[in-house]
file my_file_17.csv (CSV, C-alpha atoms)
chain,number,residue,atom,x,y,z
V,23,MET,CA,40.7,-119.5,-197.6
V,24,LYS,CA,43.6,-117.3,-197.0
V,25,LYS,CA,41.3,-114.6,-195.9
V,26,THR,CA,39.6,-116.9,-193.4
V,27,LEU,CA,42.9,-118.1,-192.0
V,28,PHE,CA,44.1,-114.5,-191.7
V,29,ILE,CA,41.0,-113.5,-189.8
V,30,GLY,CA,41.3,-116.5,-187.5
V,31,ILE,CA,44.9,-115.7,-186.6
V,32,ALA,CA,44.0,-112.0,-186.0
V,33,LEU,CA,41.1,-112.9,-183.7
V,34,THR,CA,43.3,-115.4,-181.8
V,35,GLY,CA,46.0,-112.8,-181.4
V,36,ALA,CA,43.5,-110.2,-180.2
V,37,LEU,CA,42.1,-112.6,-177.6
V,38,VAL,CA,45.5,-113.5,-176.4
V,39,LEU,CA,46.6,-109.9,-176.0
V,40,THR,CA,43.4,-108.7,-174.3
V,41,GLY,CA,43.1,-111.7,-172.1
V,42,CYS,CA,46.6,-111.2,-170.4
V,43,LYS,CA,46.0,-107.6,-169.2
V,44,THR,CA,46.0,-107.0,-165.5
V,45,LYS,CA,43.1,-105.0,-164.4
V,46,GLU,CA,42.8,-102.3,-161.9
V,47,SER,CA,40.5,-104.5,-159.8
V,48,ASP,CA,43.3,-107.1,-159.5
V,49,TYR,CA,45.6,-104.5,-158.0
V,50,LYS,CA,42.9,-103.2,-155.7
V,51,LYS,CA,42.2,-106.7,-154.4
V,52,ALA,CA,45.9,-107.4,-153.7
V,53,TYR,CA,46.1,-104.0,-151.8
V,54,GLU,CA,43.1,-104.7,-149.7
V,55,LYS,CA,44.4,-108.2,-148.8
V,56,ALA,CA,47.8,-106.8,-147.8
V,57,LYS,CA,46.1,-104.1,-145.7
V,58,ALA,CA,43.9,-106.7,-144.0
V,59,GLU,CA,46.9,-108.8,-143.1
V,60,GLU,CA,48.7,-105.7,-141.8
V,61,MET,CA,45.8,-104.8,-139.5
V,62,ALA,CA,45.5,-108.3,-138.2
V,63,GLN,CA,49.2,-108.3,-137.4
V,64,GLN,CA,49.0,-104.9,-135.6
V,65,THR,CA,46.2,-106.1,-133.3
V,66,THR,CA,48.2,-109.1,-132.2
V,67,THR,CA,51.4,-107.1,-131.4
V,68,ASP,CA,49.6,-104.2,-129.6
V,69,VAL,CA,48.6,-106.5,-126.7
V,70,THR,CA,52.1,-106.5,-125.1
V,71,GLN,CA,52.3,-104.6,-121.9
V,72,VAL,CA,55.2,-102.3,-121.0
V,73,THR,CA,56.3,-101.9,-117.4
V,74,PRO,CA,57.9,-98.5,-116.7
V,75,VAL,CA,61.4,-98.3,-115.3
V,76,ILE,CA,61.8,-95.9,-112.4
V,77,THR,CA,65.2,-94.5,-111.7
V,78,PRO,CA,65.9,-92.8,-108.5
V,79,VAL,CA,66.6,-89.1,-108.6
V,80,THR,CA,70.0,-88.2,-107.2
V,81,THR,CA,71.2,-84.7,-106.5
V,82,PRO,CA,74.5,-83.8,-108.2
V,83,THR,CA,77.5,-83.7,-105.9
V,84,THR,CA,79.5,-81.4,-108.2
V,85,PRO,CA,79.2,-77.7,-107.6
V,86,THR,CA,77.2,-75.8,-110.2
V,87,THR,CA,79.1,-73.5,-112.5
V,88,THR,CA,78.2,-69.9,-113.1
V,89,GLU,CA,78.2,-68.1,-116.5
V,90,GLU,CA,81.4,-66.4,-115.5
V,91,GLU,CA,83.2,-69.8,-115.3
V,92,ASN,CA,82.0,-70.9,-118.7
V,93,VAL,CA,83.1,-67.9,-120.7
V,94,SER,CA,86.2,-68.4,-122.7
V,95,VAL,CA,88.8,-65.7,-122.4
V,96,ARG,CA,91.9,-65.2,-124.6
V,97,SER,CA,95.1,-64.0,-123.1
V,98,GLU,CA,97.4,-61.8,-125.1
V,99,ARG,CA,100.2,-59.2,-124.6
V,100,LEU,CA,99.0,-55.9,-125.9
V,101,ASP,CA,100.5,-52.5,-126.6
V,102,VAL,CA,98.0,-49.6,-126.4
V,103,LEU,CA,98.3,-47.4,-129.5
V,104,ASN,CA,95.3,-45.1,-129.3
V,105,GLY,CA,93.3,-44.3,-126.2
V,106,GLY,CA,93.9,-44.6,-122.4
V,107,SER,CA,95.2,-47.5,-120.4
V,108,LEU,CA,93.8,-51.0,-120.5
V,109,LYS,CA,92.5,-52.9,-117.5
V,110,ALA,CA,92.7,-56.7,-117.0
V,111,TYR,CA,89.6,-57.8,-119.0
V,112,ASN,CA,88.8,-56.1,-122.3
V,113,VAL,CA,85.9,-56.5,-124.7
V,114,VAL,CA,87.2,-56.8,-128.3
V,115,CYS,CA,84.8,-55.8,-131.1
V,116,GLY,CA,87.1,-56.2,-134.0
V,117,SER,CA,90.6,-57.4,-135.1
V,118,PHE,CA,92.3,-55.9,-138.1
V,119,SER,CA,95.6,-56.3,-139.9
V,120,LYS,CA,95.4,-52.7,-141.2
V,121,PRO,CA,95.4,-49.8,-138.6
V,122,GLU,CA,93.0,-47.7,-140.8
V,123,ASN,CA,90.3,-50.3,-140.4
V,124,ALA,CA,90.8,-50.4,-136.7
V,125,SER,CA,90.6,-46.6,-136.5
V,126,ASN,CA,87.3,-46.6,-138.4
V,127,LEU,CA,85.7,-49.0,-136.0
V,128,GLN,CA,87.1,-47.1,-133.0
V,129,ASN,CA,85.5,-43.9,-134.3
V,130,THR,CA,82.2,-45.7,-134.8
V,131,LEU,CA,82.3,-47.0,-131.2
V,132,VAL,CA,83.3,-43.6,-129.8
V,133,ASN,CA,80.4,-42.0,-131.6
V,134,ALA,CA,78.1,-44.7,-130.0
V,135,GLY,CA,79.3,-43.6,-126.5
V,136,TYR,CA,82.1,-46.2,-125.8
V,137,SER,CA,85.6,-45.4,-124.7
V,138,ALA,CA,87.1,-47.4,-127.5
V,139,GLN,CA,90.8,-48.0,-127.8
V,140,ILE,CA,93.2,-49.6,-130.2
V,141,ALA,CA,95.8,-52.0,-129.0
V,142,LYS,CA,98.3,-54.0,-131.0
V,143,ASN,CA,99.4,-57.6,-130.4
V,144,PRO,CA,103.1,-57.5,-131.3
V,145,GLU,CA,103.3,-61.2,-131.8
V,146,THR,CA,100.5,-61.4,-134.4
V,147,ASN,CA,100.6,-57.8,-135.7
V,148,MET,CA,96.9,-57.6,-135.3
V,149,TYR,CA,95.1,-54.4,-134.2
V,150,ARG,CA,92.4,-55.1,-131.6
V,151,VAL,CA,89.6,-52.6,-131.2
V,152,ILE,CA,88.6,-52.6,-127.6
V,153,ALA,CA,85.2,-51.2,-126.8
V,154,SER,CA,85.5,-51.3,-123.0
V,155,SER,CA,88.0,-52.4,-120.3
V,156,PHE,CA,87.2,-53.7,-116.8
V,157,ASP,CA,89.0,-55.0,-113.7
V,158,ASP,CA,86.6,-57.9,-113.1
V,159,LYS,CA,85.5,-60.6,-115.5
V,160,SER,CA,81.8,-60.4,-114.7
V,161,ALA,CA,81.5,-56.8,-115.7
V,162,ALA,CA,83.4,-57.6,-119.0
V,163,ILE,CA,80.9,-60.4,-119.6
V,164,ARG,CA,77.9,-58.1,-119.1
V,165,SER,CA,79.4,-55.5,-121.5
V,166,ARG,CA,80.3,-58.2,-124.1
V,167,ASN,CA,76.7,-59.5,-124.0
V,168,ASP,CA,75.3,-56.0,-124.5
V,169,LEU,CA,77.7,-55.4,-127.5
V,170,ARG,CA,76.8,-58.7,-129.1
V,171,SER,CA,73.5,-57.3,-130.3
V,172,LYS,CA,75.4,-55.1,-132.8
V,173,TYR,CA,78.8,-56.9,-132.8
V,174,PRO,CA,78.0,-60.6,-132.7
V,175,ASP,CA,81.6,-61.7,-132.7
V,176,ALA,CA,82.6,-59.6,-129.7
V,177,TRP,CA,84.9,-61.5,-127.3
V,178,ILE,CA,86.8,-61.1,-124.0
V,179,LEU,CA,90.6,-60.6,-123.9
V,180,TYR,CA,92.7,-60.8,-120.8
V,181,ARG,CA,95.7,-58.6,-121.0
V,182,SER,CA,98.9,-60.3,-120.0
V,183,TYR,CA,102.1,-58.3,-119.4
call {"tool": "encode", "arguments": {"input": "my_file_17.csv", "output": "structure tokens"}}
result
Amino acid sequence: MKKTLFIGIALTGALVLTGCKTKESDYKKAYEKAKAEEMAQQTTTDVTQVTPVITPVTTPTTPTTTEEENVSVRSERLDVLNGGSLKAYNVVCGSFSKPENASNLQNTLVNAGYSAQIAKNPETNMYRVIASSFDDKSAAIRSRNDLRSKYPDAWILYRSY
């Protein structure tokens, strides 16, 4: 009798455990139902019509700026240490706190064909290596743009007295 009771409880337990499993087909049915509802909702919302808004084109009344006006230029007082005299606009390729480093860059620029000079800013004690010097800003901008292929941080300095 104990044996029959034990087998009966085991069969009942097995039926309970296997009967409560969710099947893959149940998940598939729920997914298909949700997808069908989503498609039905999309077809009803796609019917709305959009009217385009046309804004009139106006010509700007402000004058256009040239590249020369957009270029930032620093202004510093400089003392020329090595090389000739400086003009108003100077293209700086490097700034150093040690004069030896500035001299090394100057030699590199001279070997590349530039008339490089070293100037010192007495206020900051920085040595500026100037690759080229010009009287007008546009020529300095062109030179700086050419130098940026090899010296990407090149910048323009206006010499104040």
call {"tool": "closest_residue", "arguments": {"input": "my_file_17.csv", "among": "V:Glu145, V:Ser47, V:Ala32, V:Gly135", "to": "V:Leu169", "atoms": "all atoms listed in the file"}}
result
V:Gly135
call {"tool": "residues_around", "arguments": {"input": "my_file_17.csv", "residues": "V:Ala110", "least_positions_apart": "5", "cutoff": "7 Å", "atoms": "all atoms listed in the file", "output": "list of chain:residue names"}}
result
V:Phe156, V:Asp157, V:Tyr180, V:Arg181
call {"tool": "atom_distance", "arguments": {"input": "my_file_17.csv", "atom1": "atom CA of V:Ile140", "atom2": "atom CA of V:Ser107"}}
result
10.2 Å
call {"tool": "residues_around", "arguments": {"input": "my_file_17.csv", "residues": "V:Tyr111", "least_positions_apart": "5", "cutoff": "12 Å", "atoms": "all atoms listed in the file", "output": "list in words"}}
result
Ser94, Val95, Arg96, Ser97, Glu98, Leu100, Ile152, Ala153, Ser154, Ser155, Phe156, Asp157, Asp158, Lys159, Ser160, Ala161, Ala162, Ile163, Arg164, Ser165, Arg166, Trp177, Ile178, Leu179, Tyr180, Arg181 and Ser182 of chain V
call {"tool": "atom_distance", "arguments": {"input": "my_file_17.csv", "atom1": "atom CA of V:Ala176", "atom2": "atom CA of V:Glu122"}}
result
19.3 Å
call {"tool": "atom_distance", "arguments": {"input": "my_file_17.csv", "atom1": "atom CA of V:Ala52", "atom2": "atom CA of V:Ala36"}}
result
26.8 Å
call {"tool": "closest_residue", "arguments": {"input": "my_file_17.csv", "among": "V:Ser137, V:Asn104, V:Asn92, V:Gln63", "to": "V:Ala124", "atoms": "all atoms listed in the file"}}
result
V:Asn104
call {"tool": "closest_residue", "arguments": {"input": "my_file_17.csv", "among": "V:Arg170, V:Lys25, V:Lys55, V:Lys120", "to": "V:Tyr149", "atoms": "all atoms listed in the file"}}
result
V:Lys120
call {"tool": "closest_residue", "arguments": {"input": "my_file_17.csv", "among": "V:Ala58, V:Ala141, V:Leu27, V:Met148", "to": "V:Val102", "atoms": "all atoms listed in the file"}}
result
V:Ala141
